[in-house]
Amino acid sequence: MDQSPSLAQSSPTVGTVREHDGALEWSGRQETVRIEPWGPDAVRVRARIGGPLLDGLPGALTDGPPGSSFAVKTEQGAGVLVNGAITAEIDAEGLLRFTATEDGRELLAEERAHFWWPGSRLYTPNGNGYHRLEQRFAAYDDERLYGLGQHQHGLLDQKGAVVDLVQRNAEVTIPVLTSSRGYTLLWNNPAIGRVELARTGTRWVADSARQIDYWITAGAPAAAQRRYSAVTGRTPMLPEWAAGFWQCKLRYRTQEELLSVAREYRRRGLPIDVIVCDFFHWTHLGEWKFDPAEWPDPAAMVRELEELGIRLVVSVWPSVSPLSENHLLMEQRGYFIGTEYGPMAHADWPDKEVAEPVQVAFYDATNPAARDFVWSRVRENYLEPYGIRSFWLDACEPELKPGFSANLRYHAGPGLEVGNLYPRENARTFYEGMLAAGEEEVVTLNRSAWAGSQRYGAALWSGDIGTDFATLRRQLAAGLNTAMSGIPWWNTDIGGFHGGDPDDEAYREVMVRWFQFGALSPLMRLHGFRDPGMPLGPSMTGGPNEVWSYGERAEEILSWYLGLRERLKPYVLEQMRAAHEEGLPPMRPLFLEFPDDGAAWEVADAYLFGPDLLVAPVLEAGATSRTAYLPAGARWTDAWTGEEYEGGRTVTVDAPLERIPLFLRDGADLPVAP
């Protein structure tokens with residue numbers, strides 16, 4: 001490493017490097033940088049200006065790093081930390097570089113913004129110890145980048161993208177990236193900001209925070225997923241009931257309507273494991289209990305569903321109407337998200353017994369006391385009287401209008417510093433509440449997530465999306481990047497959300513192709529707001545959205561794929577076991593299993609479902625064939641015809657409406673055919 005100051009700098013910052021408590025620390029001109037081992041093959045970097053490093057700030061890493069064997073060395077004003085597969089170097093001027101220990105290959109290096117000023121880290125003061133933080137790294141022409149949660153831009157490889165780090169409906173921020181260069185990096189900061197993955201450099205930005213904090217590990221993508229999940233928490237084991245088919249629509253308005261659908265599935269002999277009771281089933285928003293006018297006997301409903309072998313999932317929102325019996329108490333106790341300026345209300349929303357929308361508040365999920373209170377209401381109104389154990393956590397970004405994070409005040413900190421944390425802490429409310437109540441299985445369905453949500457039993461869905469083939473195509477990238485972000489439980493609204501006419505032949509084709517994809521997704525859930533819709537309000541519902549709602553031909557195909565999902569359920573649960581024990585997602589980009597095949601890094605329209613089944617969904621209207629790439633290093637069998645192919649080639653196969661192309665790896669024996 002060249003230790004000489006840059007000749008272009010008139011006054012370079014030459015700091016001091018020391019070993020301190022098993023870590024490297026560099027300090028210069030009031031800045032402190034700490035590099036410490038954080039689990040095998042990984043290091044954590046924190047940097048702050050104007051004072052000592054801070055512990056206990058909100059982040060994704062669990063308490064205390066897993067043990068590892070490492071070595072630290074300082075000489076000639078520079079330092080080196082070696083921790084398994086990764087080596088971190090810091091020079092006298094405070095520039096960091098990460099290399100592969102085995103061969104010295106550069107994985108990632110900081111880069112100055114300019115030879116004069118600033119360096120690779122910029123702290124622009126916001127006042128009171130807060131700064132707009134920028135962390136800059138070099139760009140590499142051959143690099144591909146995956147992860148960042150779930151987005152609707154349709155990109156699998158996000159090199160070249162600028163991505164806002166903020167939670168929005170269908171846009172889910174999980175700030176972790178896996179690189180084709182052999183590293184995975186977590187931006188361990190829930191601040192509102194952005195990441196710029198430009199050709200001229202990579203820049204992470206936090207609009208207002210107190211220190212830079214990131215974690216980096218070296219290794220192939222599968223190894224990196226194991227390391228990342230070990231330090232942010234692994235998902236629980238998915239229970240068997242959740243691996244089957246979920247039936248849902250916006251919305252079943254009454255107890256009898258919901259039960260009639262459940263009975264009809266059983267009458268037709270169709271597999272079903274879950275049915276969902278959607279929003280507006282409540283008395284008032286934020287009372288978290290059934291309206292007896294529409295749901296007169298929930299206990300009887302749950303009993304009948306249990307006899308049918310169907311689990312009830314109930315929608316729970318984080319918002320509280322001023323008409324709710326809980327609003328005054330929660331406001332007085334400080335359980336709502338606060339504001340720096342203006343009133344507490346954060347969104348306009350319809351409620352019962354009023355003609356116009358009311359201004360609703362959101363409980364502060366970062367406040368332990370608020371979490372306890374909300375759970376107490378859910379426990380007393382759903383779990384204890386009726387045995388309802390599964391919840392759909394909708395609008396948990398939270399869905400603020402307008403979404404000015406700078407005006408929000410959370411228990412965990414200012415909105416700009418901690419705003420992305422909310423959906424994870426909302427899932428935590430239910431996870432910790434269920435465990436305290438003696439329940440061992442926790443599954444919540446969430447519209448948003450952050451790093452570490454998986455450890456609280458959070459499944460993610462892709463939000464309120466469109467209902468056409470273009471939207472379907474974007475869901476593959478969304479799901480695969482979610483998988484590379486540590487969230488193994490993922491699904492879409494099969495058929496999309498906003499509209500879709502069950503009597504329209506063009507939409508029926510979309511539904512069939514989407515249903516095939518859904519049957520081979522980590523979770524399989526049919527949902528949507530079908531035509532004809534109604535205006536938003538307590539009495540609203542959409543058109544029919546059951547398997548038999550799309551005509552006889554579609555019903556025949558959809559029913560067949562229900563059977564396929566049922567036959568594959570043992571295989572699905574095997575992959576969920578791998579997620580629980582190793583952190584490996586069920587839905588996998590091809591490069592996760594075949595990192596040495598360069599072409600596998602480019603495939604964005606197909607994926608592996610577990611290690612043994614390659615899925616190539618049909619994503620175009622009117623298509624009756626499909627071209628797919630089969631990775632090198634394996635032999636592949638067409639699951640429909642039995643034809644075998646050597647990997648490392650592209651094949652074109654028949655794909656009539658009833659068939660989604662599937663390929664079995666190296667003779668895998670899976671019950672695709674009945």
# chains A, B, ... in the order shown; residues from 1 in each chain; ligands from 1
call {"tool": "residues_around", "arguments": {"residues": "Glu556 in chain A", "least_positions_apart": "5", "cutoff": "12 Å", "atoms": "only C-alpha atoms", "output": "number ranges by chain"}}
result
A: 268, 270, 512, 547-551, 561-563, 657-658
call {"tool": "residues_around", "arguments": {"residues": "Ala230 in chain A", "least_positions_apart": "2", "cutoff": "10 Å", "atoms": "only C-alpha atoms", "output": "number ranges by chain"}}
result
A: 39-40, 61-62, 65-66, 224-228, 232-234, 581-583
call {"tool": "write_last_selection", "arguments": {"atoms": "C-alpha atoms", "output": "PDB file, in the first residue's frame"}}
result
ATOM      1  CA  GLY A  39     -18.575 -12.399  12.187  1.00  0.00           C
ATOM      2  CA  PRO A  40     -16.492 -14.756  10.031  1.00  0.00           C
ATOM      3  CA  LEU A  61     -26.998  -5.869  13.162  1.00  0.00           C
ATOM      4  CA  THR A  62     -27.982  -8.053  16.088  1.00  0.00           C
ATOM      5  CA  PRO A  65     -20.884 -10.144  16.411  1.00  0.00           C
ATOM      6  CA  PRO A  66     -20.485 -13.895  15.946  1.00  0.00           C
ATOM      7  CA  ALA A 224     -22.421 -14.044   1.709  1.00  0.00           C
ATOM      8  CA  GLN A 225     -26.121 -14.758   2.298  1.00  0.00           C
ATOM      9  CA  ARG A 226     -25.172 -17.119   5.103  1.00  0.00           C
ATOM     10  CA  ARG A 227     -22.942 -14.460   6.671  1.00  0.00           C
ATOM     11  CA  TYR A 228     -25.449 -11.644   6.227  1.00  0.00           C
ATOM     12  CA  THR A 232     -29.021  -9.635  10.939  1.00  0.00           C
ATOM     13  CA  GLY A 233     -31.030 -12.646  12.130  1.00  0.00           C
ATOM     14  CA  ARG A 234     -32.463 -15.643  10.324  1.00  0.00           C
ATOM     15  CA  GLU A 581     -30.911 -22.718   9.157  1.00  0.00           C
ATOM     16  CA  GLU A 582     -28.588 -21.217   6.532  1.00  0.00           C
ATOM     17  CA  GLY A 583     -30.170 -17.998   5.326  1.00  0.00           C
TER      18      GLY A 583
END
call {"tool": "residues_around", "arguments": {"residues": "Asp493 in chain A", "least_positions_apart": "3", "cutoff": "9 Å", "atoms": "only C-alpha atoms", "output": "ChimeraX atom specification"}}
result
/A:248,461-465,496-497,518,524-528
call {"tool": "closest_residue", "arguments": {"among": "A:Ser453, A:Asn426, A:Gln255, A:Thr471", "to": "Ala370 in chain A", "atoms": "only C-alpha atoms"}}
result
A:Asn426
call {"tool": "closest_residue", "arguments": {"among": "A:Gly129, A:Gly119, A:Gly438, A:Gly149", "to": "Ala483 in chain A", "atoms": "only C-alpha atoms"}}
result
A:Gly149
call {"tool": "closest_atom_pairs", "arguments": {"of": "range 51-74 of chain A", "to": "range 181-188 of chain A", "cutoff": "9 Å", "atoms": "only C-alpha atoms", "output": "CSV"}}
result
residue,atom,partner,partner_atom,distance
A:Pro58,CA,A:Asn188,CA,8.5
A:Gly59,CA,A:Asn188,CA,5.4
A:Ala60,CA,A:Asn188,CA,5.9
A:Leu61,CA,A:Asn188,CA,7.3
call {"tool": "write_last_selection", "arguments": {"atoms": "N, CA and C atoms", "output": "PDB file, in the first residue's frame"}}
result
ATOM      1  N   PRO A  58     -29.792   3.002  16.181  1.00  0.00           N
ATOM      2  CA  PRO A  58     -30.631   2.028  15.460  1.00  0.00           C
ATOM      3  C   PRO A  58     -29.903   1.463  14.242  1.00  0.00           C
ATOM      4  N   GLY A  59     -30.036   0.173  14.036  1.00  0.00           N
ATOM      5  CA  GLY A  59     -29.400  -0.482  12.905  1.00  0.00           C
ATOM      6  C   GLY A  59     -29.946  -1.873  12.720  1.00  0.00           C
ATOM      7  N   ALA A  60     -29.314  -2.621  11.832  1.00  0.00           N
ATOM      8  CA  ALA A  60     -29.803  -3.952  11.479  1.00  0.00           C
ATOM      9  C   ALA A  60     -29.054  -5.063  12.174  1.00  0.00           C
ATOM     10  N   LEU A  61     -27.824  -4.810  12.594  1.00  0.00           N
ATOM     11  CA  LEU A  61     -26.998  -5.869  13.162  1.00  0.00           C
ATOM     12  C   LEU A  61     -27.521  -6.268  14.530  1.00  0.00           C
TER      13      LEU A  61
END
call {"tool": "select_by_dssp", "arguments": {"residues": "range 492-587 of chain A", "states": "strand (DSSP E or B)", "output": "VMD selection string"}}
result
chain A and resid 494 498 524 to 526 529 587
call {"tool": "residues_around", "arguments": {"residues": "Gly154 in chain A", "least_positions_apart": "3", "cutoff": "8 Å", "atoms": "only C-alpha atoms", "output": "list in words"}}
result
His151, Arg473, Arg474, Gln475, Leu476, Ala477 and Ala478 of chain A
call {"tool": "residues_around", "arguments": {"residues": "Gly28 in chain A", "least_positions_apart": "3", "cutoff": "9 Å", "atoms": "only C-alpha atoms", "output": "list in words"}}
result
Thr13, Val14, Gly15, Thr16, Glu31, Thr32, Val33, Glu93 and Gly94 of chain A
call {"tool": "write_last_selection", "arguments": {"atoms": "N, CA, C and O atoms", "output": "PDB file, in the first residue's frame"}}
result
ATOM      1  N   THR A  13      -4.600  15.095   5.069  1.00  0.00           N
ATOM      2  CA  THR A  13      -4.846  14.659   6.435  1.00  0.00           C
ATOM      3  C   THR A  13      -4.082  13.373   6.672  1.00  0.00           C
ATOM      4  O   THR A  13      -4.460  12.313   6.159  1.00  0.00           O
ATOM      5  N   VAL A  14      -3.002  13.463   7.399  1.00  0.00           N
ATOM      6  CA  VAL A  14      -2.241  12.275   7.773  1.00  0.00           C
ATOM      7  C   VAL A  14      -2.585  11.984   9.218  1.00  0.00           C
ATOM      8  O   VAL A  14      -2.151  12.694  10.133  1.00  0.00           O
ATOM      9  N   GLY A  15      -3.404  10.964   9.416  1.00  0.00           N
ATOM     10  CA  GLY A  15      -3.877  10.648  10.749  1.00  0.00           C
ATOM     11  C   GLY A  15      -3.005   9.619  11.436  1.00  0.00           C
ATOM     12  O   GLY A  15      -1.895   9.301  11.003  1.00  0.00           O
ATOM     13  N   THR A  16      -3.535   9.075  12.502  1.00  0.00           N
ATOM     14  CA  THR A  16      -2.842   8.034  13.255  1.00  0.00           C
ATOM     15  C   THR A  16      -3.681   6.771  13.247  1.00  0.00           C
ATOM     16  O   THR A  16      -4.919   6.828  13.272  1.00  0.00           O
ATOM     17  N   GLU A  31     -11.970  13.320  12.939  1.00  0.00           N
ATOM     18  CA  GLU A  31     -12.723  12.161  12.456  1.00  0.00           C
ATOM     19  C   GLU A  31     -12.126  10.889  13.041  1.00  0.00           C
ATOM     20  O   GLU A  31     -10.904  10.744  13.141  1.00  0.00           O
ATOM     21  N   THR A  32     -13.016   9.962  13.416  1.00  0.00           N
ATOM     22  CA  THR A  32     -12.603   8.641  13.894  1.00  0.00           C
ATOM     23  C   THR A  32     -13.222   7.579  13.001  1.00  0.00           C
ATOM     24  O   THR A  32     -14.423   7.638  12.699  1.00  0.00           O
ATOM     25  N   VAL A  33     -12.402   6.631  12.564  1.00  0.00           N
ATOM     26  CA  VAL A  33     -12.863   5.497  11.762  1.00  0.00           C
ATOM     27  C   VAL A  33     -12.468   4.225  12.494  1.00  0.00           C
ATOM     28  O   VAL A  33     -11.306   4.052  12.870  1.00  0.00           O
ATOM     29  N   GLU A  93      -3.875   8.367   5.265  1.00  0.00           N
ATOM     30  CA  GLU A  93      -4.835   9.438   5.003  1.00  0.00           C
ATOM     31  C   GLU A  93      -6.277   9.018   5.254  1.00  0.00           C
ATOM     32  O   GLU A  93      -7.215   9.777   4.969  1.00  0.00           O
ATOM     33  N   GLY A  94      -6.469   7.793   5.755  1.00  0.00           N
ATOM     34  CA  GLY A  94      -7.803   7.344   6.127  1.00  0.00           C
ATOM     35  C   GLY A  94      -8.603   6.700   5.025  1.00  0.00           C
ATOM     36  O   GLY A  94      -9.803   6.458   5.190  1.00  0.00           O
TER      37      GLY A  94
END
call {"tool": "atom_distance", "arguments": {"atom1": "CA of Pro502 in chain A", "atom2": "CA of Arg530 in chain A"}}
result
7.3 Å
call {"tool": "atom_distance", "arguments": {"atom1": "CA of Thr124 in chain A", "atom2": "CA of Gly415 in chain A"}}
result
17.8 Å
call {"tool": "closest_residue", "arguments": {"among": "A:Thr217, A:Pro125, A:Gly22, A:Asp503", "to": "Ile86 in chain A", "atoms": "only C-alpha atoms"}}
result
A:Thr217
call {"tool": "atom_distance", "arguments": {"atom1": "CA of Glu425 in chain A", "atom2": "CA of Ala347 in chain A"}}
result
19.9 Å
call {"tool": "closest_residue", "arguments": {"among": "A:Tyr422, A:Glu602, A:Ser390, A:Ala299", "to": "Lys159 in chain A", "atoms": "only C-alpha atoms"}}
result
A:Glu602
call {"tool": "closest_residue", "arguments": {"among": "A:Tyr507, A:Trp514, A:Trp392, A:Phe373", "to": "Asp278 in chain A", "atoms": "only C-alpha atoms"}}
result
A:Trp392
call {"tool": "closest_residue", "arguments": {"among": "A:Gly342, A:Pro538, A:Gly419, A:Gly334", "to": "Ala206 in chain A", "atoms": "only C-alpha atoms"}}
result
A:Gly419
call {"tool": "select_by_dssp", "arguments": {"residues": "range 194-330 of chain A", "states": "helix (DSSP H, G or I)", "output": "count of residues only"}}
result
43
